[in-house]
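**Student:** Just target29.cif, nothing more (mmCIF, C-alpha atoms):
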data_my_file
#
loop_
_atom_site.label_atom_id
_atom_site.label_comp_id
_atom_site.auth_asym_id
_atom_site.auth_seq_id
_atom_site.Cartn_x
_atom_site.Cartn_y
_atom_site.Cartn_z
CA MET A 1 20.06 16.95 15.67
CA ALA A 2 16.35 16.13 15.80
CA ALA A 3 15.60 19.19 13.67
CA ARG A 4 18.16 18.10 11.08
CA LEU A 5 16.66 14.63 10.90
CA ARG A 6 13.19 16.09 10.42
CA GLY A 7 14.52 18.32 7.67
CA ALA A 8 16.09 15.37 5.88
CA ALA A 9 13.01 13.16 6.13
CA LEU A 10 10.61 12.64 3.23
CA ASP A 11 8.72 15.89 2.61
CA THR A 12 5.03 15.07 2.89
CA ARG A 13 3.63 18.61 2.65
CA PRO A 14 2.04 17.98 -0.79
CA LEU A 15 -0.27 15.49 0.94
CA GLY A 16 -2.00 18.51 2.45
CA VAL A 17 -3.52 19.16 -0.99
CA PRO A 18 -6.59 16.86 -1.21
CA ALA A 19 -6.46 16.51 -5.01
CA PHE A 20 -2.81 15.47 -4.95
CA ARG A 21 -3.35 13.15 -1.99
CA ARG A 22 -6.08 11.24 -3.84
CA LEU A 23 -4.07 11.21 -7.03
CA LEU A 24 -1.01 9.79 -5.28
CA ALA A 25 -3.02 7.07 -3.55
CA GLY A 26 -4.73 6.09 -6.80
CA GLN A 27 -1.47 6.08 -8.76
CA GLY A 28 0.32 4.07 -6.09
CA LEU A 29 -2.28 1.29 -6.11
CA ALA A 30 -2.54 1.36 -9.90
CA TYR A 31 1.22 1.05 -10.26
CA ILE A 32 1.23 -2.17 -8.25
CA GLY A 33 -1.36 -3.51 -10.67
CA THR A 34 0.63 -2.29 -13.66
CA MET A 35 3.71 -4.14 -12.47
CA ILE A 36 1.63 -7.29 -11.94
CA THR A 37 0.53 -7.11 -15.57
CA GLU A 38 4.06 -6.32 -16.79
CA VAL A 39 5.20 -9.58 -15.22
CA ALA A 40 2.13 -11.62 -16.23
CA VAL A 41 2.16 -10.71 -19.94
CA PRO A 42 5.64 -12.06 -20.80
CA LEU A 43 4.99 -15.14 -18.67
CA GLN A 44 1.75 -15.81 -20.54
CA VAL A 45 3.43 -15.20 -23.90
CA TYR A 46 6.15 -17.70 -23.03
CA ARG A 47 3.62 -20.26 -21.82
CA LEU A 48 1.76 -19.97 -25.13
CA THR A 49 4.80 -19.97 -27.42
CA HIS A 50 7.77 -21.40 -25.46
CA SER A 51 9.80 -18.80 -27.38
CA SER A 52 11.96 -16.01 -25.96
CA LEU A 53 11.66 -14.27 -29.35
CA TYR A 54 7.95 -13.73 -28.79
CA VAL A 55 8.67 -12.53 -25.26
CA GLY A 56 11.02 -9.95 -26.75
CA LEU A 57 8.33 -8.92 -29.22
CA ALA A 58 5.94 -8.36 -26.31
CA GLY A 59 8.33 -5.71 -25.05
CA LEU A 60 8.99 -4.10 -28.42
CA VAL A 61 5.39 -4.08 -29.66
CA GLY A 62 4.56 -1.26 -27.26
CA LEU A 63 7.44 1.01 -28.29
CA ALA A 64 5.90 2.54 -31.44
CA PRO A 65 2.57 3.38 -29.70
CA LEU A 66 4.53 4.92 -26.82
CA VAL A 67 6.48 7.17 -29.17
CA VAL A 68 3.55 8.21 -31.38
CA PHE A 69 0.93 8.66 -28.68
CA GLY A 70 3.39 10.09 -26.19
CA LEU A 71 4.21 12.95 -28.55
CA TYR A 72 0.70 13.43 -29.92
CA GLY A 73 -0.95 12.92 -26.54
CA GLY A 74 1.20 15.72 -25.13
CA ALA A 75 -0.07 18.03 -27.85
CA ILE A 76 -3.66 17.08 -27.03
CA ALA A 77 -3.00 17.75 -23.34
CA ASP A 78 -2.11 21.34 -24.22
CA ARG A 79 -5.43 21.91 -26.01
CA VAL A 80 -8.06 20.30 -23.80
CA ASP A 81 -9.01 20.00 -20.15
CA ARG A 82 -6.23 17.76 -18.83
CA ARG A 83 -8.50 16.20 -16.26
CA ARG A 84 -10.91 15.08 -18.99
CA LEU A 85 -8.07 13.73 -21.13
CA TYR A 86 -6.66 11.86 -18.15
CA VAL A 87 -10.06 10.33 -17.37
CA VAL A 88 -10.56 9.16 -20.96
CA SER A 89 -7.06 7.70 -21.41
CA ALA A 90 -7.14 6.02 -18.00
CA THR A 91 -10.53 4.51 -18.81
CA VAL A 92 -9.12 3.05 -22.03
CA THR A 93 -6.21 1.57 -20.08
CA TRP A 94 -8.66 0.03 -17.60
CA ALA A 95 -10.80 -1.38 -20.44
CA VAL A 96 -7.74 -3.04 -22.00
CA THR A 97 -6.88 -4.59 -18.63
CA LEU A 98 -10.41 -6.00 -18.47
CA ALA A 99 -9.88 -7.43 -21.97
CA LEU A 100 -6.65 -9.09 -20.80
CA PHE A 101 -8.61 -10.54 -17.88
CA ALA A 102 -11.35 -11.81 -20.22
CA GLN A 103 -8.97 -13.53 -22.65
CA ALA A 104 -7.12 -15.22 -19.80
CA LEU A 105 -10.36 -16.34 -18.17
CA ALA A 106 -11.60 -17.74 -21.50
CA GLY A 107 -8.34 -19.63 -22.02
CA ALA A 108 -7.55 -17.83 -25.29
CA THR A 109 -4.39 -18.98 -27.06
CA SER A 110 -3.95 -16.15 -29.56
CA VAL A 111 -0.57 -14.48 -29.17
CA GLY A 112 -1.60 -11.89 -31.74
CA LEU A 113 -4.55 -10.86 -29.58
CA LEU A 114 -2.32 -10.58 -26.52
CA LEU A 115 0.27 -8.45 -28.33
CA GLY A 116 -2.46 -6.26 -29.82
CA LEU A 117 -3.86 -5.55 -26.37
CA VAL A 118 -0.34 -4.73 -25.13
CA ALA A 119 0.09 -2.21 -27.98
CA LEU A 120 -3.29 -0.59 -27.26
CA GLN A 121 -2.51 -0.36 -23.56
CA ALA A 122 0.86 1.26 -24.34
CA ALA A 123 -0.86 3.92 -26.45
CA ALA A 124 -3.37 4.74 -23.71
CA PHE A 125 -0.60 4.80 -21.10
CA ALA A 126 1.43 7.25 -23.19
CA VAL A 127 -1.46 9.71 -23.40
CA SER A 128 -2.35 9.41 -19.71
CA SER A 129 1.30 9.80 -18.68
CA ALA A 130 1.65 13.03 -20.69
CA ALA A 131 -1.52 14.40 -19.10
CA ARG A 132 -0.56 13.29 -15.57
CA GLY A 133 2.86 14.93 -15.65
CA ALA A 134 1.32 18.22 -16.79
CA ILE A 135 -1.29 18.05 -14.00
CA ILE A 136 1.08 17.99 -11.02
CA PRO A 137 2.21 21.67 -11.26
CA ARG A 138 -1.45 22.68 -11.48
CA VAL A 139 -2.52 21.11 -8.19
CA VAL A 140 0.46 21.83 -5.93
CA PRO A 141 2.41 25.08 -5.39
CA ALA A 142 5.64 25.44 -7.36
CA ALA A 143 7.73 25.21 -4.18
CA LEU A 144 6.26 21.77 -3.47
CA VAL A 145 6.69 20.30 -6.96
CA PRO A 146 10.02 18.56 -6.06
CA ALA A 147 8.41 17.00 -2.97
CA ALA A 148 5.36 15.94 -5.00
CA ASN A 149 7.58 14.29 -7.61
CA THR A 150 9.54 12.54 -4.85
CA LEU A 151 6.32 11.12 -3.44
CA ASN A 152 5.27 9.99 -6.92
CA TYR A 153 8.57 8.22 -7.55
CA THR A 154 8.43 6.65 -4.09
CA ALA A 155 4.99 5.22 -4.81
CA GLY A 156 6.29 3.93 -8.12
CA ASN A 157 9.26 2.22 -6.51
CA LEU A 158 7.01 0.60 -3.92
CA GLY A 159 4.94 -0.78 -6.77
CA GLN A 160 8.07 -1.94 -8.55
CA VAL A 161 9.01 -3.99 -5.50
CA ALA A 162 5.55 -5.24 -4.50
CA GLY A 163 4.03 -5.81 -7.96
CA PRO A 164 6.37 -8.58 -9.16
CA LEU A 165 6.17 -10.34 -5.78
CA VAL A 166 2.36 -10.37 -5.95
CA ALA A 167 2.47 -11.43 -9.60
CA GLY A 168 4.69 -14.38 -8.75
CA VAL A 169 2.10 -15.62 -6.27
CA LEU A 170 -0.94 -15.01 -8.48
CA VAL A 171 0.31 -16.66 -11.68
CA GLY A 172 1.05 -19.81 -9.69
CA LEU A 173 -2.65 -20.19 -8.82
CA PRO A 174 -5.23 -22.04 -10.97
CA HIS A 175 -6.26 -19.58 -13.69
CA GLY A 176 -3.32 -17.52 -12.44
CA PHE A 177 -3.15 -15.09 -15.36
CA ALA A 178 -6.84 -14.25 -14.94
CA TRP A 179 -6.16 -13.58 -11.26
CA ALA A 180 -3.23 -11.30 -12.16
CA TYR A 181 -5.15 -9.21 -14.67
CA GLY A 182 -8.21 -9.16 -12.44
CA VAL A 183 -6.26 -7.78 -9.49
CA ASP A 184 -4.73 -5.16 -11.79
CA ALA A 185 -8.21 -4.10 -12.93
CA VAL A 186 -9.46 -3.82 -9.34
CA LEU A 187 -6.45 -1.77 -8.22
CA PHE A 188 -6.79 0.50 -11.25
CA THR A 189 -10.26 1.60 -10.16
CA ALA A 190 -8.54 3.64 -7.41
CA LEU A 191 -6.79 5.67 -10.10
CA LEU A 192 -10.05 6.20 -11.98
CA TYR A 193 -11.70 7.47 -8.79
CA SER A 194 -8.86 9.88 -8.00
CA THR A 195 -8.87 11.17 -11.57
CA VAL A 196 -12.61 11.83 -11.63
CA ARG A 197 -12.28 13.78 -8.36
CA LEU A 198 -9.66 16.17 -9.75
CA PRO A 199 -10.74 19.80 -10.17
CA PRO A 200 -11.25 20.99 -13.78
CA LEU A 201 -7.91 21.85 -15.38
CA ARG A 202 -8.72 24.20 -18.22
CA ARG A 203 -6.11 25.61 -20.56
CA ALA A 204 -4.14 28.44 -19.03
CA THR A 205 -4.17 30.48 -22.25
CA GLU A 206 -5.87 30.28 -25.60
CA LEU A 207 -3.52 28.70 -28.14
CA PRO A 208 -3.51 29.47 -31.86
CA GLN A 209 -5.36 26.96 -33.99
CA ARG A 210 -2.75 24.45 -35.15
CA GLY A 211 -2.79 20.84 -36.17
CA GLY A 212 -1.56 18.21 -33.76
CA VAL A 213 1.60 17.49 -35.76
CA ARG A 214 2.44 21.20 -35.89
CA MET A 215 1.96 21.44 -32.13
CA VAL A 216 4.29 18.48 -31.61
CA TRP A 217 6.90 20.22 -33.76
CA ASP A 218 6.43 23.44 -31.79
CA GLY A 219 7.10 21.49 -28.58
CA LEU A 220 10.28 19.95 -29.98
CA ARG A 221 11.48 23.37 -31.17
CA PHE A 222 10.80 24.80 -27.74
CA ILE A 223 13.01 22.14 -26.17
CA GLY A 224 15.73 22.71 -28.76
CA SER A 225 15.78 26.45 -28.12
CA HIS A 226 16.19 26.12 -24.34
CA PRO A 227 19.52 24.55 -23.25
CA VAL A 228 18.19 23.91 -19.74
CA LEU A 229 15.53 21.59 -21.16
CA TRP A 230 17.46 19.75 -23.86
CA MET A 231 20.42 19.22 -21.54
CA SER A 232 18.14 17.65 -18.92
CA PHE A 233 16.82 15.28 -21.60
CA ALA A 234 20.36 14.56 -22.84
CA ALA A 235 21.54 13.65 -19.33
CA ASP A 236 18.57 11.31 -18.94
CA ILE A 237 19.22 9.59 -22.28
CA ALA A 238 22.93 9.17 -21.52
CA ALA A 239 22.15 7.65 -18.10
CA MET A 240 19.74 5.10 -19.57
CA VAL A 241 21.52 4.20 -22.80
CA LEU A 242 25.11 4.11 -21.50
CA ALA A 243 24.68 3.21 -17.81
CA MET A 244 21.64 0.95 -17.64
CA PRO A 245 22.96 -2.60 -16.95
CA THR A 246 19.60 -4.41 -16.60
CA ALA A 247 20.07 -6.51 -19.74
CA LEU A 248 23.37 -7.81 -18.30
CA PHE A 249 21.89 -9.09 -15.03
CA PRO A 250 21.02 -12.61 -16.30
CA GLU A 251 24.54 -13.16 -17.65
CA ALA A 252 26.14 -11.71 -14.51
CA ALA A 253 24.01 -13.90 -12.26
CA ALA A 254 24.85 -17.01 -14.29
CA THR A 255 28.55 -16.54 -14.97
CA ARG A 256 29.88 -14.18 -12.33
CA PHE A 257 27.82 -14.61 -9.18
CA HIS A 258 26.26 -18.06 -9.76
CA GLY A 259 22.86 -16.81 -8.69
CA GLY A 260 21.34 -13.68 -7.20
CA ALA A 261 19.39 -12.43 -10.24
CA GLY A 262 16.50 -11.34 -8.04
CA LEU A 263 18.81 -9.26 -5.85
CA LEU A 264 20.30 -7.56 -8.88
CA TYR A 265 16.89 -6.68 -10.31
CA SER A 266 15.51 -5.31 -7.05
CA ALA A 267 18.58 -3.42 -5.77
CA VAL A 268 18.04 -0.18 -7.70
CA ALA A 269 14.42 0.10 -6.52
CA VAL A 270 15.49 -0.55 -2.94
CA GLY A 271 18.05 2.24 -3.20
CA SER A 272 15.42 4.64 -4.51
CA LEU A 273 13.13 3.83 -1.61
CA LEU A 274 15.90 4.42 0.92
CA ALA A 275 16.78 7.74 -0.72
CA ALA A 276 13.14 8.80 -0.66
CA ALA A 277 12.99 8.26 3.10
CA PHE A 278 15.66 10.96 3.53
CA SER A 279 14.72 13.23 0.63
CA GLY A 280 13.53 16.32 2.50
CA TRP A 281 16.58 18.24 1.34
CA ILE A 282 15.85 17.84 -2.38
CA GLY A 283 13.34 20.66 -2.60
CA LYS A 284 15.71 23.04 -0.79
CA VAL A 285 18.37 22.92 -3.51
CA SER A 286 18.16 25.90 -5.85
CA ARG A 287 20.94 25.02 -8.33
CA GLN A 288 18.96 22.20 -9.91
CA GLY A 289 21.12 21.97 -13.05
CA ARG A 290 24.22 21.22 -11.01
CA ALA A 291 22.30 18.93 -8.68
CA LEU A 292 21.00 16.90 -11.63
CA THR A 293 24.53 16.64 -13.04
CA VAL A 294 25.95 15.43 -9.73
CA ALA A 295 23.13 12.88 -9.33
CA VAL A 296 23.63 11.44 -12.83
CA ALA A 297 27.41 11.33 -12.27
CA ALA A 298 26.87 9.49 -8.97
CA TRP A 299 24.53 7.03 -10.72
CA ALA A 300 27.12 6.34 -13.44
CA ALA A 301 29.99 6.02 -10.97
CA ALA A 302 28.09 3.54 -8.80
CA ILE A 303 27.04 1.51 -11.85
CA ALA A 304 30.63 1.44 -13.13
CA ALA A 305 31.93 0.23 -9.77
CA ALA A 306 29.17 -2.39 -9.51
CA GLY A 307 30.21 -3.91 -12.83
CA ALA A 308 33.86 -4.17 -11.85
CA THR A 309 33.53 -6.46 -8.82
CA ASP A 310 33.05 -10.21 -8.47
CA SER A 311 31.31 -9.90 -5.11
CA LEU A 312 27.51 -10.19 -5.28
CA THR A 313 27.15 -8.41 -1.94
CA LEU A 314 29.28 -5.46 -3.05
CA THR A 315 27.58 -5.28 -6.43
CA VAL A 316 24.12 -5.19 -4.84
CA GLY A 317 25.28 -2.54 -2.39
CA LEU A 318 26.61 -0.37 -5.21
CA LEU A 319 23.38 -0.84 -7.18
CA ILE A 320 21.47 0.33 -4.12
CA CYS A 321 23.66 3.46 -4.10
CA ALA A 322 22.94 3.89 -7.81
CA GLY A 323 19.22 3.63 -7.10
CA ALA A 324 19.48 6.37 -4.49
CA ALA A 325 21.19 8.65 -7.03
CA ASP A 326 18.59 7.72 -9.63
CA LEU A 327 15.75 8.87 -7.36
CA VAL A 328 17.43 12.26 -6.92
CA SER A 329 18.14 12.71 -10.64
CA ALA A 330 14.61 11.63 -11.60
CA VAL A 331 13.04 14.18 -9.25
CA TYR A 332 15.20 17.02 -10.58
CA ARG A 333 14.59 16.06 -14.24
CA GLN A 334 10.84 16.03 -13.75
CA THR A 335 10.86 19.19 -11.62
CA ILE A 336 12.91 21.18 -14.14
CA LEU A 337 10.58 20.07 -16.91
CA GLN A 338 7.43 20.97 -14.98
CA THR A 339 8.54 24.33 -13.58
CA TYR A 340 10.73 25.72 -16.37
CA ALA A 341 8.18 25.39 -19.17
CA PRO A 342 5.07 27.59 -19.39
CA ASP A 343 1.81 25.80 -18.69
CA GLU A 344 0.72 25.81 -22.34
CA MET A 345 3.81 23.73 -23.23
CA ARG A 346 3.77 21.26 -20.34
CA GLY A 347 1.66 18.60 -22.05
CA ARG A 348 3.94 18.41 -25.07
CA LEU A 349 7.08 18.36 -22.95
CA GLN A 350 5.62 15.61 -20.79
CA GLY A 351 4.89 13.69 -23.99
CA VAL A 352 8.56 13.92 -24.98
CA PHE A 353 9.51 12.94 -21.43
CA THR A 354 7.31 9.84 -21.69
CA VAL A 355 8.99 8.85 -24.96
CA VAL A 356 12.47 9.32 -23.48
CA VAL A 357 11.71 7.46 -20.26
CA ALA A 358 10.00 4.59 -22.10
CA GLY A 359 12.39 4.35 -25.03
CA GLY A 360 15.70 4.99 -23.25
CA PRO A 361 15.80 1.72 -21.27
CA ARG A 362 14.94 -0.27 -24.41
CA LEU A 363 17.83 1.34 -26.27
CA GLY A 364 20.01 0.75 -23.21
CA ASP A 365 19.13 -2.94 -23.20
CA LEU A 366 19.96 -3.18 -26.91
CA ARG A 367 23.28 -1.37 -26.42
CA ALA A 368 24.29 -3.45 -23.41
CA GLY A 369 23.37 -6.78 -25.00
CA ALA A 370 25.12 -6.05 -28.28
CA MET A 371 28.21 -4.62 -26.58
CA ALA A 372 28.48 -7.55 -24.16
CA SER A 373 28.35 -10.00 -27.07
CA ALA A 374 31.16 -8.14 -28.83
CA THR A 375 33.43 -7.03 -26.00
CA GLY A 376 32.44 -8.89 -22.83
CA ILE A 377 30.28 -8.00 -19.86
CA THR A 378 32.77 -5.84 -17.94
CA LEU A 379 33.33 -3.32 -20.72
CA ALA A 380 29.64 -3.29 -21.61
CA TRP A 381 28.75 -2.62 -17.96
CA SER A 382 31.54 -0.54 -16.41
CA GLY A 383 33.16 0.93 -19.50
CA ALA A 384 29.94 2.36 -20.86
CA ALA A 385 29.00 3.75 -17.44
CA LEU A 386 32.34 5.55 -17.17
CA ALA A 387 31.74 6.99 -20.64
CA CYS A 388 28.37 8.25 -19.39
CA LEU A 389 30.03 9.89 -16.37
CA ILE A 390 32.60 11.74 -18.49
CA LEU A 391 30.12 12.74 -21.18
CA VAL A 392 27.47 14.12 -18.83
CA VAL A 393 29.88 16.12 -16.66
CA ALA A 394 31.68 17.56 -19.69
CA ALA A 395 28.42 18.48 -21.41
CA ALA A 396 26.95 20.08 -18.28
CA LEU A 397 30.04 22.21 -17.79
CA ALA A 398 29.96 23.23 -21.46
CA VAL A 399 26.26 24.14 -21.47
CA ARG A 400 26.51 27.12 -19.16
CA PRO A 401 22.79 28.00 -18.94
CA PHE A 402 22.12 24.50 -17.63
CA TRP A 403 25.06 24.50 -15.21
CA ARG A 404 24.01 27.89 -13.83
CA TYR A 405 20.28 27.16 -13.78
CA ALA A 406 18.54 27.80 -10.46
CA ALA A 407 14.91 27.12 -9.66
CA SER A 408 14.35 30.81 -8.91
CA SER A 409 15.40 31.70 -12.46
CA ALA A 410 12.73 29.62 -14.17
CA PRO A 411 10.54 31.62 -16.60
CA GLN A 412 7.31 32.93 -15.15
CA ALA A 413 4.55 30.41 -15.71
CA SER A 414 1.22 31.33 -17.21
CA PRO A 415 -1.81 31.67 -14.94
CA VAL A 416 -4.03 28.66 -14.66
CA LEU A 417 -7.17 30.54 -15.65
CA PRO A 418 -7.43 33.58 -17.93
CA ALA A 419 -8.40 36.74 -16.07
CA SER A 420 -11.74 36.74 -17.85
CA SER A 421 -12.53 33.36 -16.34
CA ALA A 422 -11.89 34.37 -12.75
CA SER A 423 -15.48 35.26 -12.14
CA SER A 424 -16.63 31.86 -13.39
CA ALA A 425 -14.45 29.89 -11.00
CA PRO A 426 -16.44 28.13 -8.27
CA SER A 427 -16.36 29.83 -4.91
CA ALA A 428 -15.38 28.10 -1.72
CA SER A 429 -18.99 28.13 -0.62
CA SER A 430 -20.19 26.37 -3.78
CA ALA A 431 -17.74 23.47 -3.62
CA SER A 432 -17.00 20.98 -0.95
CA SER A 433 -13.74 21.42 0.90
CA ASP A 434 -12.64 18.03 -0.39
CA ASP A 435 -12.99 19.05 -4.05
CA ALA A 436 -11.68 22.61 -3.89
CA LEU A 437 -8.02 23.52 -3.77
CA PRO A 438 -6.91 24.98 -0.44
CA ARG A 439 -6.97 28.77 -0.17
CA SER A 440 -3.20 29.08 -0.21
CA GLN A 441 -3.09 27.05 -3.42
CA ALA A 442 -5.84 29.17 -5.00
CA VAL A 443 -3.85 32.32 -4.25
CA HIS A 444 -0.74 30.69 -5.68
CA GLU A 445 -2.54 29.65 -8.88
CA ALA A 446 -4.09 33.10 -9.40
CA GLY A 447 -0.83 34.93 -8.85
CA ARG A 448 1.54 32.95 -11.04
#
Mind converting the file's structure to structure tokens?
**Tutor:**
Amino acid sequence: MAARLRGAALDTRPLGVPAFRRLLAGQGLAYIGTMITEVAVPLQVYRLTHSSLYVGLAGLVGLAPLVVFGLYGGAIADRVDRRRLYVVSATVTWAVTLALFAQALAGATSVGLLLGLVALQAAAFAVSSAARGAIIPRVVPAALVPAANTLNYTAGNLGQVAGPLVAGVLVGLPHGFAWAYGVDAVLFTALLYSTVRLPPLRRATELPQRGGVRMVWDGLRFIGSHPVLWMSFAADIAAMVLAMPTALFPEAAATRFHGGAGLLYSAVAVGSLLAAAFSGWIGKVSRQGRALTVAVAAWAAAIAAAGATDSLTLTVGLLICAGAADLVSAVYRQTILQTYAPDEMRGRLQGVFTVVVAGGPRLGDLRAGAMASATGITLAWSGAALACLILVVAAALAVRPFWRYAASSAPQASPVLPASSASSAPSASSASSDDALPRSQAVHEAGR
């Protein structure tokens, strides 16, 4: 029994890789700061304008930069040292946070300035996110990629819970918005440090000279020609557009439960954290296509049931179950993307992933709000989630390569360094043990 419990517990083996350990710590702290800013910006916009329309614009103004720079940033990540790209884009994000701090400290009242900074920060985030996702398979062995992604998502969920709570305290202080952005800037320095300490991540292979737009198109064609990849994206889009009820929480809290909005908003993150605590089994599943399908189906089923009850306690409990399924599906989506694609394509695929993850919830909010206005909250919540369940299961069964996909059948990835570069790699004696990858990882990287 004790052995089974240990096997089900959160797999922490990736923490044995110093580069990943620093990166996770830096990302975890930075994500708390990011969530603080995500709460502070709409609150500041509303304080300046007293208009929900402008608050909505604050959310939409970042969508176009996310799409453009997510796709183009992924192409850049496949042509340059990903560590260098990550450092530059993260530095831009940090500089924008400092600008947010400065405008709040100066008492600026320009909504245009605030929205412009939000758009610039979204562009930098899109590039850094594409680079970060492509880095993970380069610093941990392939067998530990699912565990590494689980740890990443766990850190993100912790930030999603802690960040808004901290933001609520800070914005209530004198000069509260300056405090919020200042704390974000301080926390973000941990990410900058961890990024600078990454080992160089040169291109695995020399790519033909192409323009950035052509490289983006090549990445999209690669996805379209591999059913395993486009089906994983399709399942993700269906889950967010058809079974994402976040936009319905205010109406449900007001008309159905007479309160409890905070519980509704936090339940999914709580479920993800609970699932992460017992996620050791995730990396042991080989049939990742089927596992992703089951996880998305479980998410949709739990969401559908949550929207069909008038009990706040039951709804929150079902949303927690949905959050647990979401953690599992997110890990498998990211793992399939990182391990199926060759290294020279990972940046572009991570760029598409960033666009889908960032744009899907916005489309889901639009769908849910419009549908609720036309048909009522129950159909918009539960009916759409049931449609997601049926659609995803039917599509997965129809797309046989995806349904049959096993981790062991992923195409062979390219080596991290060309053979001609092997002699130029630093030896263990010339680098500190904290900077160099462990010997087992070096063997793994050379042999892939």
**Student:** For the structure provided, state which residues fall under the PyMOL selection byres ((chain A and resi 245) around 10), and present them as a list in words.
**Tutor:**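 Here the PyMOL selection byres ((chain A and resi 245) around 10) matches Met240, Val241, Leu242, Ala243, Met244, Thr246, Ala247, Leu248, Phe249, Ala252, Leu264, Tyr265, Ile303, Ala304, Ala306, Gly307, Leu319, Pro361, Gly364, Asp365, Arg367, Ala368, Gly369, Ile377, Ala380, Trp381, Ser382, Ala384 and Ala385 of chain A.
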**Student:** Could you list, as a PyMOL selection string, every residue within 10 Å of region 36-41 of chain A, counting only C-alpha atoms and ignoring same-chain residues fewer than 3 positions away?
**Tutor:** chain A and resi 30-33+44-47+55+58-59+97+100+114-115+118+159-160+162-168+170-171+176-185
**Student:** Quick one: write out the picked residues with C-alpha atoms as a short mmCIF file (atom, residue, chain, number, x, y, z; two decimals), keeping the file's coordinate frame?
**Tutor:**
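After the write, again-v5.cif holds the following:
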data_model
loop_
_atom_site.label_atom_id
_atom_site.label_comp_id
_atom_site.auth_asym_id
_atom_site.auth_seq_id
_atom_site.Cartn_x
_atom_site.Cartn_y
_atom_site.Cartn_z
CA ALA A 30 -2.54 1.36 -9.90
CA TYR A 31 1.22 1.05 -10.26
CA ILE A 32 1.23 -2.17 -8.25
CA GLY A 33 -1.36 -3.51 -10.67
CA GLN A 44 1.75 -15.81 -20.54
CA VAL A 45 3.43 -15.20 -23.90
CA TYR A 46 6.15 -17.70 -23.03
CA ARG A 47 3.62 -20.26 -21.82
CA VAL A 55 8.67 -12.53 -25.26
CA ALA A 58 5.94 -8.36 -26.31
CA GLY A 59 8.33 -5.71 -25.05
CA THR A 97 -6.88 -4.59 -18.63
CA LEU A 100 -6.65 -9.09 -20.80
CA LEU A 114 -2.32 -10.58 -26.52
CA LEU A 115 0.27 -8.45 -28.33
CA VAL A 118 -0.34 -4.73 -25.13
CA GLY A 159 4.94 -0.78 -6.77
CA GLN A 160 8.07 -1.94 -8.55
CA ALA A 162 5.55 -5.24 -4.50
CA GLY A 163 4.03 -5.81 -7.96
CA PRO A 164 6.37 -8.58 -9.16
CA LEU A 165 6.17 -10.34 -5.78
CA VAL A 166 2.36 -10.37 -5.95
CA ALA A 167 2.47 -11.43 -9.60
CA GLY A 168 4.69 -14.38 -8.75
CA LEU A 170 -0.94 -15.01 -8.48
CA VAL A 171 0.31 -16.66 -11.68
CA GLY A 176 -3.32 -17.52 -12.44
CA PHE A 177 -3.15 -15.09 -15.36
CA ALA A 178 -6.84 -14.25 -14.94
CA TRP A 179 -6.16 -13.58 -11.26
CA ALA A 180 -3.23 -11.30 -12.16
CA TYR A 181 -5.15 -9.21 -14.67
CA GLY A 182 -8.21 -9.16 -12.44
CA VAL A 183 -6.26 -7.78 -9.49
CA ASP A 184 -4.73 -5.16 -11.79
CA ALA A 185 -8.21 -4.10 -12.93
#
**Student:** Counting all atoms listed in the file, what is within 6 Å of region 9-21 of chain A, bar same-chain residues fewer than 2 positions away, as a list in words?
**Tutor:**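 Here the qualifying residues turn out to be Arg6, Gly7, Leu23, Leu24, Ala147, Ala148, Leu198, Ala277, Phe278, Ser279 and Gly280 of chain A.
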**Student:** Pick out the closest residue to Ala122 (chain A) from this set: A:Thr293, A:Ser89, A:Gln27, A:Ser311. Count only C-alpha atoms.
**Tutor:**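 Of A:Thr293, A:Ser89, A:Gln27, A:Ser311, the one nearest Ala122 (chain A) is A:Ser89, counting only C-alpha atoms.
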**Student:** Determine the residue set returned by the PyMOL selection byres ((chain A and resi 63) around 12) for the present structure, and present it as a ChimeraX atom specification.
**Tutor:** /A:56-62,64-70,115,118-123,125-126,354-363
**Student:** So which one's closest to Ala302 (chain A), A:Met215, A:Leu386, A:Leu173, A:Ala276? Using only C-alpha atoms, please.
**Tutor:**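 Checking each candidate against Ala302 (chain A), we get A:Leu386 as the closest.
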